[in-house]
Structure formats: C-alpha cells, structure tokens
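K.L.:
Just structure-v7.tsv, nothing more (TSV, C-alpha atoms):
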```tsv
chain	number	residue	atom	x	y	z
S	15	MET	CA	-2.67	-17.89	43.70
S	16	LYS	CA	-2.37	-21.59	42.96
S	17	ASN	CA	-3.85	-21.11	39.47
S	18	SER	CA	-1.50	-18.21	38.64
S	19	VAL	CA	1.52	-20.34	39.55
S	20	ARG	CA	0.14	-23.13	37.35
S	21	ARG	CA	-0.40	-20.68	34.52
S	22	ILE	CA	3.18	-19.36	34.76
S	23	ALA	CA	4.49	-22.93	34.80
S	24	LEU	CA	2.35	-23.78	31.76
S	25	ASP	CA	3.56	-20.70	29.86
S	26	ALA	CA	7.19	-21.54	30.69
S	27	THR	CA	6.62	-25.11	29.52
S	28	MET	CA	4.98	-23.94	26.30
S	29	LEU	CA	7.88	-21.55	25.63
S	30	ALA	CA	10.38	-24.36	26.27
S	31	LEU	CA	8.47	-26.69	23.91
S	32	ALA	CA	8.25	-24.05	21.17
S	33	LEU	CA	11.94	-23.26	21.58
S	34	ALA	CA	12.91	-26.94	21.49
S	35	LEU	CA	10.85	-27.52	18.35
S	36	SER	CA	12.30	-24.41	16.71
S	37	ILE	CA	15.88	-25.42	17.41
S	38	ALA	CA	15.28	-29.09	16.55
S	39	GLU	CA	13.92	-28.23	13.11
S	40	SER	CA	17.13	-26.37	12.27
S	41	PHE	CA	18.79	-29.81	12.23
S	42	ILE	CA	16.37	-31.21	9.66
S	43	PRO	CA	18.28	-31.29	6.37
S	44	ILE	CA	16.19	-30.05	3.48
S	45	SER	CA	19.04	-29.54	1.03
S	46	THR	CA	16.84	-28.77	-1.97
S	47	LEU	CA	15.12	-25.88	-0.19
S	48	PRO	CA	17.64	-23.51	1.39
S	49	GLY	CA	16.21	-21.65	4.36
S	50	PHE	CA	13.06	-23.73	4.54
S	51	LYS	CA	11.92	-25.06	7.92
S	52	PRO	CA	8.65	-26.87	8.63
S	53	GLY	CA	7.49	-24.45	11.37
S	54	LEU	CA	6.97	-27.03	14.10
S	55	ALA	CA	6.91	-24.37	16.83
S	56	ASN	CA	3.63	-23.15	15.34
S	57	ILE	CA	2.01	-26.27	16.80
S	58	ILE	CA	2.43	-24.65	20.20
S	59	ILE	CA	1.35	-21.21	18.96
S	60	LEU	CA	-1.84	-22.64	17.44
S	61	VAL	CA	-2.66	-24.53	20.63
S	62	LEU	CA	-2.23	-21.31	22.60
S	63	ILE	CA	-4.38	-19.28	20.20
S	64	TYR	CA	-7.18	-21.85	20.15
S	65	ARG	CA	-7.06	-23.02	23.76
S	66	PHE	CA	-5.67	-20.13	25.80
S	67	SER	CA	-5.13	-16.48	24.86
S	68	ALA	CA	-3.82	-14.50	21.93
S	69	LEU	CA	-1.53	-12.54	24.25
S	70	GLU	CA	0.10	-15.69	25.62
S	71	ALA	CA	0.58	-16.99	22.09
S	72	PHE	CA	2.11	-13.69	20.96
S	73	THR	CA	4.47	-13.47	23.94
S	74	ILE	CA	5.61	-17.06	23.56
S	75	ASP	CA	6.06	-16.68	19.79
S	76	LEU	CA	8.23	-13.58	20.21
S	77	GLY	CA	10.17	-15.18	23.06
S	78	ARG	CA	10.81	-18.26	20.96
S	79	ILE	CA	12.05	-16.25	17.99
S	80	PHE	CA	14.44	-14.16	20.10
S	81	LEU	CA	15.70	-17.04	22.22
S	82	ALA	CA	16.18	-19.42	19.28
S	83	SER	CA	18.11	-16.75	17.37
S	84	LEU	CA	20.20	-15.99	20.43
S	85	MET	CA	20.93	-19.67	21.09
S	86	THR	CA	21.87	-20.40	17.46
S	87	GLY	CA	24.03	-17.27	17.14
S	88	LYS	CA	21.79	-15.68	14.50
S	89	ILE	CA	20.44	-12.77	16.55
S	90	PHE	CA	20.05	-9.58	14.48
S	91	SER	CA	21.20	-11.29	11.29
S	92	LEU	CA	19.24	-11.90	8.07
S	93	PRO	CA	17.79	-15.22	9.31
S	94	PHE	CA	16.66	-13.51	12.53
S	95	TYR	CA	14.80	-10.75	10.68
S	96	MET	CA	13.30	-13.26	8.26
S	97	SER	CA	12.11	-15.38	11.19
S	98	LEU	CA	10.79	-12.35	13.08
S	99	VAL	CA	8.77	-10.89	10.22
S	100	GLY	CA	7.61	-14.32	9.03
S	101	GLY	CA	6.66	-15.27	12.59
S	102	LEU	CA	4.73	-12.04	13.18
S	103	LEU	CA	2.83	-12.30	9.89
S	104	SER	CA	2.12	-15.96	10.58
S	105	TYR	CA	0.89	-15.24	14.10
S	106	PHE	CA	-1.44	-12.42	13.06
S	107	GLY	CA	-2.74	-14.46	10.12
S	108	MET	CA	-3.48	-17.48	12.31
S	109	LEU	CA	-5.10	-15.24	14.90
S	110	LEU	CA	-7.26	-13.54	12.28
S	111	ILE	CA	-8.51	-16.88	10.95
S	112	ALA	CA	-8.99	-18.29	14.46
S	113	LYS	CA	-10.99	-15.31	15.72
S	114	LEU	CA	-12.84	-14.02	12.66
S	115	GLY	CA	-13.09	-17.08	10.50
S	116	LYS	CA	-14.31	-19.65	13.07
S	117	LYS	CA	-17.45	-20.39	11.13
S	118	ILE	CA	-15.62	-20.83	7.83
S	119	PHE	CA	-12.14	-22.16	8.65
S	120	THR	CA	-10.81	-24.82	10.99
S	121	ILE	CA	-7.46	-24.91	12.74
S	122	TYR	CA	-6.11	-26.43	9.51
S	123	GLY	CA	-7.05	-23.29	7.59
S	124	ALA	CA	-5.43	-21.08	10.22
S	125	SER	CA	-2.24	-23.14	10.07
S	126	LEU	CA	-2.19	-23.14	6.28
S	127	PHE	CA	-2.72	-19.37	6.12
S	128	GLY	CA	-0.01	-18.84	8.73
S	129	SER	CA	2.40	-21.00	6.78
S	130	ILE	CA	1.90	-19.05	3.56
S	131	LEU	CA	2.20	-15.71	5.36
S	132	HIS	CA	5.41	-16.89	7.02
S	133	CYS	CA	6.88	-17.73	3.62
S	134	PHE	CA	5.81	-14.34	2.27
S	135	GLY	CA	7.36	-12.51	5.23
S	136	GLN	CA	10.66	-14.32	4.83
S	137	ILE	CA	10.85	-13.56	1.10
S	138	LEU	CA	9.83	-9.93	1.66
S	139	ILE	CA	12.59	-9.33	4.21
S	140	ALA	CA	15.17	-11.13	2.08
S	141	SER	CA	14.23	-8.97	-0.91
S	142	ILE	CA	14.44	-5.75	1.12
S	143	ILE	CA	17.76	-6.58	2.78
S	144	LEU	CA	19.31	-7.96	-0.42
S	145	SER	CA	17.84	-5.07	-2.47
S	146	THR	CA	16.36	-7.33	-5.11
S	147	TRP	CA	12.86	-8.52	-5.94
S	148	GLY	CA	14.43	-11.51	-7.69
S	149	VAL	CA	14.09	-13.67	-4.59
S	150	PHE	CA	10.30	-13.70	-5.05
S	151	TRP	CA	10.74	-16.48	-7.66
S	152	TYR	CA	11.28	-18.70	-4.62
S	153	PHE	CA	7.90	-17.82	-3.04
S	154	PRO	CA	5.69	-20.23	-5.05
S	155	LEU	CA	7.95	-23.17	-4.26
S	156	MET	CA	8.19	-22.28	-0.55
S	157	SER	CA	4.43	-21.76	-0.36
S	158	PHE	CA	3.70	-25.05	-2.09
S	159	ILE	CA	5.86	-27.02	0.33
S	160	GLY	CA	4.62	-24.79	3.17
S	161	CYS	CA	1.05	-25.93	2.45
S	162	PHE	CA	1.99	-29.50	3.34
S	163	THR	CA	3.87	-28.54	6.49
S	164	GLY	CA	1.09	-26.09	7.43
S	165	LEU	CA	-1.48	-28.87	7.22
S	166	ALA	CA	0.76	-31.16	9.28
S	167	VAL	CA	1.21	-28.46	11.93
S	168	GLY	CA	-2.57	-27.95	11.99
S	169	PHE	CA	-3.10	-31.69	12.35
S	170	PHE	CA	-0.78	-31.98	15.36
S	171	ALA	CA	-2.21	-28.87	17.04
S	172	ASP	CA	-5.75	-30.23	16.50
S	173	ARG	CA	-4.81	-33.61	17.99
S	174	ILE	CA	-3.21	-31.98	21.04
S	175	ILE	CA	-6.30	-29.88	21.68
S	176	ALA	CA	-8.63	-32.85	21.06
S	177	SER	CA	-6.66	-34.97	23.53
S	178	GLY	CA	-8.10	-32.93	26.39
S	179	VAL	CA	-4.75	-32.65	28.14
S	180	PHE	CA	-5.38	-29.00	29.09
S	181	GLU	CA	-8.74	-29.72	30.64
S	182	ARG	CA	-7.04	-32.10	33.05
S	183	LEU	CA	-4.70	-29.31	34.20
S	184	ARG	CA	-7.65	-27.35	35.63
S	185	LEU	CA	-6.38	-23.90	34.68
```
For the structure just supplied, provide its representation as structure tokens.
P.N.:
Amino acid sequence: MKNSVRRIALDATMLALALALSIAESFIPISTLPGFKPGLANIIILVLIYRFSALEAFTIDLGRIFLASLMTGKIFSLPFYMSLVGGLLSYFGMLLIAKLGKKIFTIYGASLFGSILHCFGQILIASIILSTWGVFWYFPLMSFIGCFTGLAVGFFADRIIASGVFERLRL
C-alpha cells in the first residue's frame, strides 16, 4: 500500500513537471522558427521510459498534451493536433529505440529519433489540415534544429537517471 501511494505521488509529480516544462517552453521566443518548441517535456517522458514503465510514460505524455492544450486555450485546434500527433510519434519512436535498440542506441539516440519524428508528425498534420504538401519544405529546417534540442533533451534525461534520485525513493 505504501509503495502504491508513493507511485501515484511520483506519477502526479512527473505529470506536473512535464506540464510545467511544456507550458514554460511556449514562452521561449524563437521568432525565426514559427511553431518550433524544444520539447523539454520529453526529458520526463524519456526518464519514465528508461527508468519506469512505457505505460506510465504514455499516460503522462497524453495527459501533458491534453492539459497543456487545455490550459493554453488551444484544445482541439491546429496546434493541439500537431502536438498530439507529434507527441505520439515521438513517444513510440523513443520507446522503439529504448526497447529494441538498447544494444545499438543510447538514450541520446532515442531522444534524437523522437525529436525528428515529432517534427514529422507536426508537418504531416499541418499539411493534412491545410490541404497542402507545401509545408514539408519546413521539415528539413525543423529537423536540423530538432537534432540539437533532441540531443540536449537526451543529455538532461541521462543526467537525471545517472543521478540516482529514483533509487533513493525506494519504489
């Protein structure tokens, strides 16, 4: 019983952290790249995938996307759908690398792959909703910048896991 209460508290904390990072990054001005965000919430998702369970990571990722969109007034709008599809592709890509590619890729590779898939998902949804494939010209630029932020996200997730903070929680 005590461990289940701790686990619920940890999941709530992780959701709050992912949500805070998601909302905070919307205030980062990147004027030259409209719609681009660094994906800081994926730090939490990567930690959950690598340290806890895929189901917890998935639930927290979906919760973060819905709650952030609700709190910013973008629920069921183009940015919401772009975030949802990008987030789902990113999650499944990171999970695939984490589970199947352990011997080949590190957490950096998972983060990088997730970043590129997130960019692809956003562009795909924008092209479908706007009924034009012309937005795909933006994909190489977003992916290039996304590689840097993906590596940074992987770095921070790796440092959090390496810190041993979760081992001290005794979950």
K.L.:
Taking all atoms listed in the file into account, name the residue in S:Tyr95, S:Phe41, S:Ala32, S:Ala82 that is nearest to Ser141 in chain S.
P.N.:
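Residue with the minimum atom-to-atom distance to Ser141 in chain S: S:Tyr95.
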K.L.:
Would you list the contacts of Gly101 in chain S as number ranges by chain, taking every protein, DNA or RNA residue within 9 Å and counting all atoms listed in the file, but skipping same-chain residues closer than 6 positions in sequence?
P.N.:
S: 56, 75-76, 79, 128, 131-132, 135-136
K.L.:
When you look at Ile175 in chain S with a cut-off of 10 Å (counting all atoms listed in the file), what residues show up, excluding the ones that are within fewer than 5 positions of it in the same chain? I need them as a PyMOL selection string.
P.N.:
chain S and resi 60-62+64-65+170+180-181
K.L.:
CA of Tyr105 in chain S to CA of Ile137 in chain S: how many Å, to one decimal?
P.N.:
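These two atoms are separated by 16.5 Å.
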K.L.:
So, counting all atoms listed in the file, which residue among S:Ile42, S:Ala34, S:Leu138, S:Ala124 is closest to Ala171 in chain S?
P.N.:
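Closest residue, counting all atoms listed in the file: S:Ala124.
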K.L.:
To one decimal place in Å, what is the distance between CA of Leu98 in chain S and CA of Lys116 in chain S?
P.N.:
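We find that CA of Leu98 in chain S and CA of Lys116 in chain S lie 26.1 Å from each other.
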K.L.:
Report, in Å to a single decimal, how far apart CA of Ser97 in chain S and CA of Ile37 in chain S are.
P.N.:
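Interatomic distance, CA of Ile37 in chain S to CA of Ser97 in chain S: 12.4 Å.
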K.L.:
Give me the residues near Arg78 in chain S as number ranges by chain, where near means some atom within 8 Å (using all atoms listed in the file) and where sequence neighbours in that chain fewer than 5 positions away do not count.
P.N.:
S: 29, 32-33, 36
K.L.:
Go through S:Cys133, S:Met96, S:Ile63, S:Leu24 one by one, measure the shortest atom-to-atom distance of each to Ile159 in chain S using only C-alpha atoms, and give the residue with the smallest value.
P.N.:
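With only C-alpha atoms as the atom set, the closest residue is S:Cys133.
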